[in-house]
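Trainee: One structure, pasted below without further comment.
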Amino acid sequence: MKTILARILKQDVEIRLRPGYFPFVEPGFELDVRCGFCEGKGCSVCKKTGWIELIPCGMVHPNVLRAGGIDPEKYTGFAFGMGLTRLAMMRYGINDIRLMMSGDLRFNEQF
Amino acid sequence: MYISLNWIQDLLEGDVNVFPQDIANWLSTKTVEVEGIIDRSKDFENIIVGKVTEHTKHPNADKLTINMVDIGQGTDVKIVCGAPNVTVGMFVAVALPGASVTWHGEGESVVLEATKIRGEESFGMICAADEIGLKDLFPATDGIADLTNTIDAKPGTSVAEALGLTDIVLDIDNKSMTHRPDLWGHYGMAREVGAIMNLNNQNSAIGLKTLNTDIQAGSGDAPKVKIKDKACRRYLSFTVDNVKIGPSPQWIQQRLMSIGQRPINNIVDLTNFVMLELGQPMHAFDLERLDSAEITVRMAKSGEKITTLDGAEHKLSKEDLLITSGNNPVALAGVMGSQGSEISDTTTSLLLEFANFDPATIRRSASRLGLRSDASARFEKSLDPALVTKAAARFMELLADIIPEAKVSSQIADEGVTGFSVGPIELSLKFITDRIGQDIPVEQIENLLSSIGFGVDVSGNNFSITIPSWRATKDISISEDIVEEIARLYGYDKIIARQPQITLQPAPVIQSRVQERKIRDLLVNVVKGTEIMTYPFIDPRWIQRFDEEPSGIKVLNPQDETQNLLRQTLLYSMLKVISKNASSKEQFRLFEIARIFRQRPGSFLSRPKGSQLPDEPRMLAIGIVGEVEPFFEVKGITEMLLSKLGYNVTFETMDTTADFSDNGRLQEVMVNDQKVGVIAAIDPKVLAKGKIRRTVGTLELNLDVLLNMESNDQKYKLLEKFPSIVQDISLELGSNITYAELEKYFKSCHNLVTTVELIDTFERGDVRSMAFRLIFQSEERTLTQAEVSEVMSDITNKLTDLFDVTIR
């Protein structure tokens, strides 16, 4: 993930994993990225924590593998919920998520 | 949820001697998400204890007094006060300049300044309880708060410290605790904090205080408890006598207040305290207001009514669980008690409920009736039935301190299951280290798991883990759950990030993806279009604006009425975007690639029932706005797009005239004789309904159908060896003649005609004319003008025979 994110965001990223709960993964994590706006010092974008929640992820829960016809004894899997809107916001510095679906051409035509 | 660090310390043996920021970080990285740290003493900044040393009347005001107050700073300060109850020797709360207070407890808070009142200087303010947010701790009096008997502190001490209100509170994100019912109370949280502190520091020996589970039963008959539905998993009840309602002791009020719970009276406060400490909600009924010491737990009858404590009346369904006594519903189980049996100032005996319910039932009822409570939030997480006895014992333990005369008057009724057991779970070291991706020694694993109450039995490289009851209700059941416990406590930051090494093959090229990318590329770079993204839902009221009947697959639980239909075309969404931008832009071009949802079966089956999912084809929609000839523009674009993608495109007039087209400017887009889409110019009258005052041309095309067709690979065509001859012809058209039929005629009129182009059009009133250019070309020889002229007159003769046109 570090590599993928670095390529997408076009800069080295510092990440951290912390516990998160999602029914379809076990273990489940929240993957945070060091806030690029304040370089981790704390600002309104990262709610003063210095980290931005980016990717809910984890290892695929064995029940999910079984439902998909895969033997969890033989295979394990990774699951990453990469919110494309979030990533686009980070990469281009877009500050309001609603702009993407708004149909306001002053936004669309910038890209 | 708020967690008081003072309360956490209460539940742990040993000093929790760490910065709140550290505890917050540890919890966030190992357990749950801490969203904020609140310093309660900040509410009392610049408010200190003062002792009145002199008290005289104000010379210039009848109702005011001048007071000298010792605030522990050497010289006493002079403060003017309007309250009638100030006396010499009284300990008071002094708000210094810079403190925030609310005048008489009302309105916004103000920052104090040293000032003059009626000519006398006043340094700060002597406060009434409600002026500094202490209304709940001090009885309402007419005047300032008298701290003399409440505190034992020297003048100058901060009021927060003197009243024991210095506390740091962590704000925990509830969403991060969905899977941890054991953490919805300070005790479970203290267990995690203690465990983490011990794991971080070898010298730390923080212990979790053990809970008593004995209840001294009384001699009377146990309450008659009948559980009629398994949605109630356990019900423990007994009665208590000799209760006297009054205020709770200070320390209980402080704990409650610091996490935002308002103290009410000793019994109500105790029920809240037990819930907030152990995570087990409980209920206290006034025994005298019940028909008898009898409880039946059953599903409600359809339409049965209950008025809850907040005064709201609810109509219940067969899916709501009720606590009843005699014939009356006395509580909506797990959510809220009803009016009529609650604790009041005159209550002297109690019937207590310590119960456990099926999480889905509680969640459904709370959600359906819009009645979420602290209790329902906990029950819906699936609580440990074993917690019930701990809560009952704790309640009685605290009650003994507050009302020593109160005693359990009955035996204990206890119906239902006493607990769930899961496991033991067997797993190997290899299973663990494979998944974590790092070697962890067996002893360390043992240590990590036992620190949070798991039993660990090691034999070689295999573990047998016994699960404590408070983790057995839903979160821990399989080996992977154990791996998560080990990994999170080990520390995710300790797991080294390494690139996996695997053998890869390049992914196969998906041709339809390649084509789609080409479409976007052409539309943006050549056609100068802007891509838009709109929601798959459509607002039925927008469709009605165009006097059309909204139809489509209905959403069962939409966000709101603008999102309750799945769209069957991209065009309405596109028109919405056009209407938003048309007043500020004269000309623009839009496109969208997205799915629509047809009300007929598609090619995929749903799992597990195997029913047919609806047809959801991917469509391409283009909107050309503000052109003089939108129809021709959109046709030209469609032609260019499809031929660049390698498809042979033709256009055909449609059999039906759609109402929305401008003067019949509507055609089917055909590739290899199959319909793939429709182009149109929208009637301005239709556009006006959507307040669009520009011309609009549209294309809607089924990409799934198109991209499934074989496209022609571009192949080099030999250059013509021989020159061509160009002939232009100008025609005036009769009223029913279309470009399409003329184009079709010219393209097939003679084999020497290789290209047909429309080079000009003219329209004025009834008069329509078109100019065509025909290019004559032979592959075998140079043509002569004479030859071409002869062929041309053949063509024009046939033309006038077949069509109502005049050559100009």
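By order in the structure tokens, chains are A, B, ...; within a chain, residues start at 1; ligands start at 1, following the order shown.
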Using only C-alpha atoms, determine which residues of chain B fall within 9 Å of chain A; present them as a PyMOL selection string.
Mentor: chain B and resi 28-33+35-36+175-179+435+480-485+487-488+491-493+497+499+530-535+574+576-578+580-581
Trainee: Using DSSP on the backbone coordinates, identify all residues within chain A classified as helix (DSSP H, G or I); present the result as JSON, numbers by chain.
Mentor: {"A": [2, 3, 4, 5, 6, 7, 8, 9, 62, 63, 64, 65, 66, 67, 84, 85, 86, 87, 88, 89, 90, 91, 92, 99, 100, 101, 102, 105, 106, 107, 108]}
Trainee: Quick one, how far is CA of Lys301 (chain B) from CA of Lys318 (chain B)?
Mentor: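 Distance between the two atoms: 5.2 Å.
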Trainee: Which of chain A counts as strand (DSSP E) under DSSP, as a list in words please?
Mentor: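 Written out, the strand (DSSP E) residues of chain A are Ile15, Arg16, Leu17, Arg18, Pro19, Val25, Glu26, Pro27, Gly28, Phe29, Glu30, Leu31, Asp32, Val33, Arg34, Trp51, Ile52, Glu53, Leu54, Ile55, Pro56, Cys57, Gly58, Met59, Val60, Phe78, Ala79 and Phe80 of chain A.
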Trainee: Skip Ile94 (chain A) itself and residues of its chain fewer than 2 positions away, then list as a PDB file with C-alpha atoms, in the first residue's frame all residues within 12 Å of it, counting only C-alpha atoms.
Mentor:
```pdb
ATOM      1  CA  PHE A  37      -1.632  19.712   4.431  1.00  0.00           C
ATOM      2  CA  VAL A  45      -8.180  18.853   7.473  1.00  0.00           C
ATOM      3  CA  THR A  85     -12.782  10.232  -4.432  1.00  0.00           C
ATOM      4  CA  ARG A  86     -10.633  10.544  -1.302  1.00  0.00           C
ATOM      5  CA  LEU A  87      -7.462   9.829  -3.221  1.00  0.00           C
ATOM      6  CA  ALA A  88      -8.383  12.327  -5.921  1.00  0.00           C
ATOM      7  CA  MET A  89      -9.050  14.902  -3.222  1.00  0.00           C
ATOM      8  CA  MET A  90      -5.652  14.312  -1.706  1.00  0.00           C
ATOM      9  CA  ARG A  91      -3.784  14.280  -4.978  1.00  0.00           C
ATOM     10  CA  TYR A  92      -5.322  17.483  -6.350  1.00  0.00           C
ATOM     11  CA  ASP A  96     -15.163  19.575  -0.930  1.00  0.00           C
ATOM     12  CA  ILE A  97     -16.163  16.041  -1.805  1.00  0.00           C
ATOM     13  CA  ARG A  98     -19.553  17.114  -3.188  1.00  0.00           C
ATOM     14  CA  LEU A  99     -17.950  18.956  -6.098  1.00  0.00           C
ATOM     15  CA  MET A 100     -17.286  15.702  -7.911  1.00  0.00           C
ATOM     16  CA  PHE A 107     -15.029  22.185 -11.401  1.00  0.00           C
ATOM     17  CA  ASN A 108     -15.183  19.504 -14.130  1.00  0.00           C
ATOM     18  CA  GLN A 110     -10.380  22.060 -14.497  1.00  0.00           C
ATOM     19  CA  PHE A 111      -9.459  18.440 -15.086  1.00  0.00           C
TER      20      PHE A 111
END
```
Trainee: Compile the contact shell of Gln73 (chain B) as a count of residues only: residues with an atom at most 12 Å away, counting only C-alpha atoms, same-chain residues fewer than 2 positions apart removed.
Mentor: 14
Trainee: Near Asn198 (chain B), within 10 Å and counting only C-alpha atoms, which residues show up once chain neighbours fewer than 6 positions away are dropped, as a list in words?
Mentor: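 Once the nearby chain positions are removed, what remains is Glu192, Ser204, Ala205, Ile206, Gly207, Leu448 and Ser451 of chain B.
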Trainee: Have a look at A:Lys41, A:Gly93, A:Gln11, A:Val33 and name the one nearest to Glu53 (chain A); count only C-alpha atoms.
Mentor: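 That would be A:Val33, the residue with the smallest distance to Glu53 (chain A).
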Trainee: Residues within 12 Å of Ser464 (chain B), please, as a list of chain:residue names. Count only C-alpha atoms; anything in the same chain fewer than 2 positions from it doesn't count.
Mentor: B:Gly423, B:Pro424, B:Ile425, B:Glu426, B:Leu427, B:Ser428, B:Leu429, B:Ile445, B:Glu446, B:Leu449, B:Phe454, B:Gly455, B:Val456, B:Asp457, B:Val458, B:Ser459, B:Gly460, B:Asn461, B:Asn462, B:Thr466, B:Ile467, B:Ser479, B:Ile482
Trainee: Please produce an output containing N, CA and C atoms for each residue in the selection, written as a tab-separated table (two decimals), in the first residue's frame.
Mentor:
```tsv
chain	number	residue	atom	x	y	z
B	423	GLY	N	-15.35	-21.67	21.84
B	423	GLY	CA	-14.01	-22.25	21.88
B	423	GLY	C	-13.92	-23.43	22.79
B	424	PRO	N	-12.76	-23.86	23.20
B	424	PRO	CA	-11.49	-23.19	22.92
B	424	PRO	C	-11.11	-23.20	21.44
B	425	ILE	N	-10.34	-22.21	21.04
B	425	ILE	CA	-9.92	-22.12	19.64
B	425	ILE	C	-8.50	-22.65	19.55
B	426	GLU	N	-8.33	-23.61	18.63
B	426	GLU	CA	-6.99	-24.20	18.46
B	426	GLU	C	-6.34	-23.57	17.25
B	427	LEU	N	-5.11	-23.17	17.40
B	427	LEU	CA	-4.39	-22.70	16.22
B	427	LEU	C	-2.90	-22.88	16.41
B	428	SER	N	-2.18	-22.90	15.31
B	428	SER	CA	-0.75	-23.18	15.37
B	428	SER	C	0.04	-21.88	15.27
B	429	LEU	N	1.29	-21.95	15.69
B	429	LEU	CA	2.16	-20.77	15.58
B	429	LEU	C	2.30	-20.36	14.12
B	445	ILE	N	3.37	-14.28	22.55
B	445	ILE	CA	1.97	-14.48	22.18
B	445	ILE	C	1.14	-14.80	23.41
B	446	GLU	N	1.69	-15.67	24.26
B	446	GLU	CA	0.99	-16.06	25.49
B	446	GLU	C	0.73	-14.81	26.33
B	449	LEU	N	-2.01	-12.39	24.83
B	449	LEU	CA	-3.39	-12.85	24.95
B	449	LEU	C	-3.85	-12.89	26.41
B	454	PHE	N	-7.59	-13.70	28.00
B	454	PHE	CA	-7.74	-14.98	27.30
B	454	PHE	C	-6.92	-16.05	28.02
B	455	GLY	N	-7.42	-17.29	28.04
B	455	GLY	CA	-6.67	-18.39	28.65
B	455	GLY	C	-5.80	-19.03	27.58
B	456	VAL	N	-4.52	-19.23	27.85
B	456	VAL	CA	-3.62	-19.77	26.83
B	456	VAL	C	-2.98	-21.06	27.30
B	457	ASP	N	-3.15	-22.10	26.52
B	457	ASP	CA	-2.56	-23.41	26.81
B	457	ASP	C	-1.61	-23.75	25.67
B	458	VAL	N	-0.32	-23.85	26.01
B	458	VAL	CA	0.66	-24.07	24.93
B	458	VAL	C	1.12	-25.50	24.94
B	459	SER	N	1.20	-26.11	23.76
B	459	SER	CA	1.85	-27.41	23.67
B	459	SER	C	2.66	-27.43	22.40
B	460	GLY	N	3.95	-27.28	22.56
B	460	GLY	CA	4.87	-27.20	21.42
B	460	GLY	C	4.63	-25.89	20.70
B	461	ASN	N	4.30	-25.99	19.43
B	461	ASN	CA	4.00	-24.77	18.68
B	461	ASN	C	2.52	-24.60	18.42
B	462	ASN	N	1.72	-25.21	19.29
B	462	ASN	CA	0.27	-25.10	19.12
B	462	ASN	C	-0.39	-24.49	20.34
B	466	THR	N	-8.70	-20.27	25.43
B	466	THR	CA	-10.06	-20.17	25.98
B	466	THR	C	-10.49	-18.70	25.94
B	467	ILE	N	-11.73	-18.52	25.50
B	467	ILE	CA	-12.23	-17.17	25.28
B	467	ILE	C	-13.03	-16.69	26.49
B	479	SER	N	-10.20	-18.71	14.39
B	479	SER	CA	-8.76	-18.50	14.59
B	479	SER	C	-8.30	-17.13	14.13
B	482	ILE	N	-8.33	-14.53	16.72
B	482	ILE	CA	-7.21	-14.59	17.65
B	482	ILE	C	-5.99	-13.90	17.03
```
Trainee: Write out as a short mmCIF file (atom, residue, chain, number, x, y, z; two decimals) with N, CA and C atoms, in the first residue's frame which residues come within 8 Å of Trp51 (chain A) when counting only C-alpha atoms, dropping same-chain ones fewer than 4 positions away.
Mentor:
```cif
data_model
loop_
_atom_site.label_atom_id
_atom_site.label_comp_id
_atom_site.auth_asym_id
_atom_site.auth_seq_id
_atom_site.Cartn_x
_atom_site.Cartn_y
_atom_site.Cartn_z
N ASP A 32 -4.06 4.94 7.75
CA ASP A 32 -4.00 6.40 7.73
C ASP A 32 -2.77 6.85 6.97
N VAL A 33 -2.86 8.05 6.41
CA VAL A 33 -1.72 8.65 5.73
C VAL A 33 -1.35 9.92 6.49
N ARG A 34 -0.09 10.20 6.62
CA ARG A 34 0.34 11.42 7.30
C ARG A 34 -0.27 12.60 6.54
N CYS A 35 -0.88 13.53 7.28
CA CYS A 35 -1.60 14.63 6.64
C CYS A 35 -0.65 15.49 5.82
N GLY A 40 1.61 16.62 9.23
CA GLY A 40 1.51 15.84 10.45
C GLY A 40 1.47 16.65 11.73
N GLY A 42 -0.90 18.81 12.60
CA GLY A 42 -2.26 18.99 13.10
C GLY A 42 -2.91 20.21 12.48
N CYS A 46 -7.02 17.35 9.00
CA CYS A 46 -6.84 16.07 9.66
C CYS A 46 -7.40 16.12 11.08
#
```
Trainee: Ranking B:Glu780, B:Asp439, B:Asp130, B:Asp182 by minimum distance to Phe722 (chain B) and counting only C-alpha atoms, which one comes first?
Mentor: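 Of B:Glu780, B:Asp439, B:Asp130, B:Asp182, the one nearest Phe722 (chain B) is B:Glu780, counting only C-alpha atoms.
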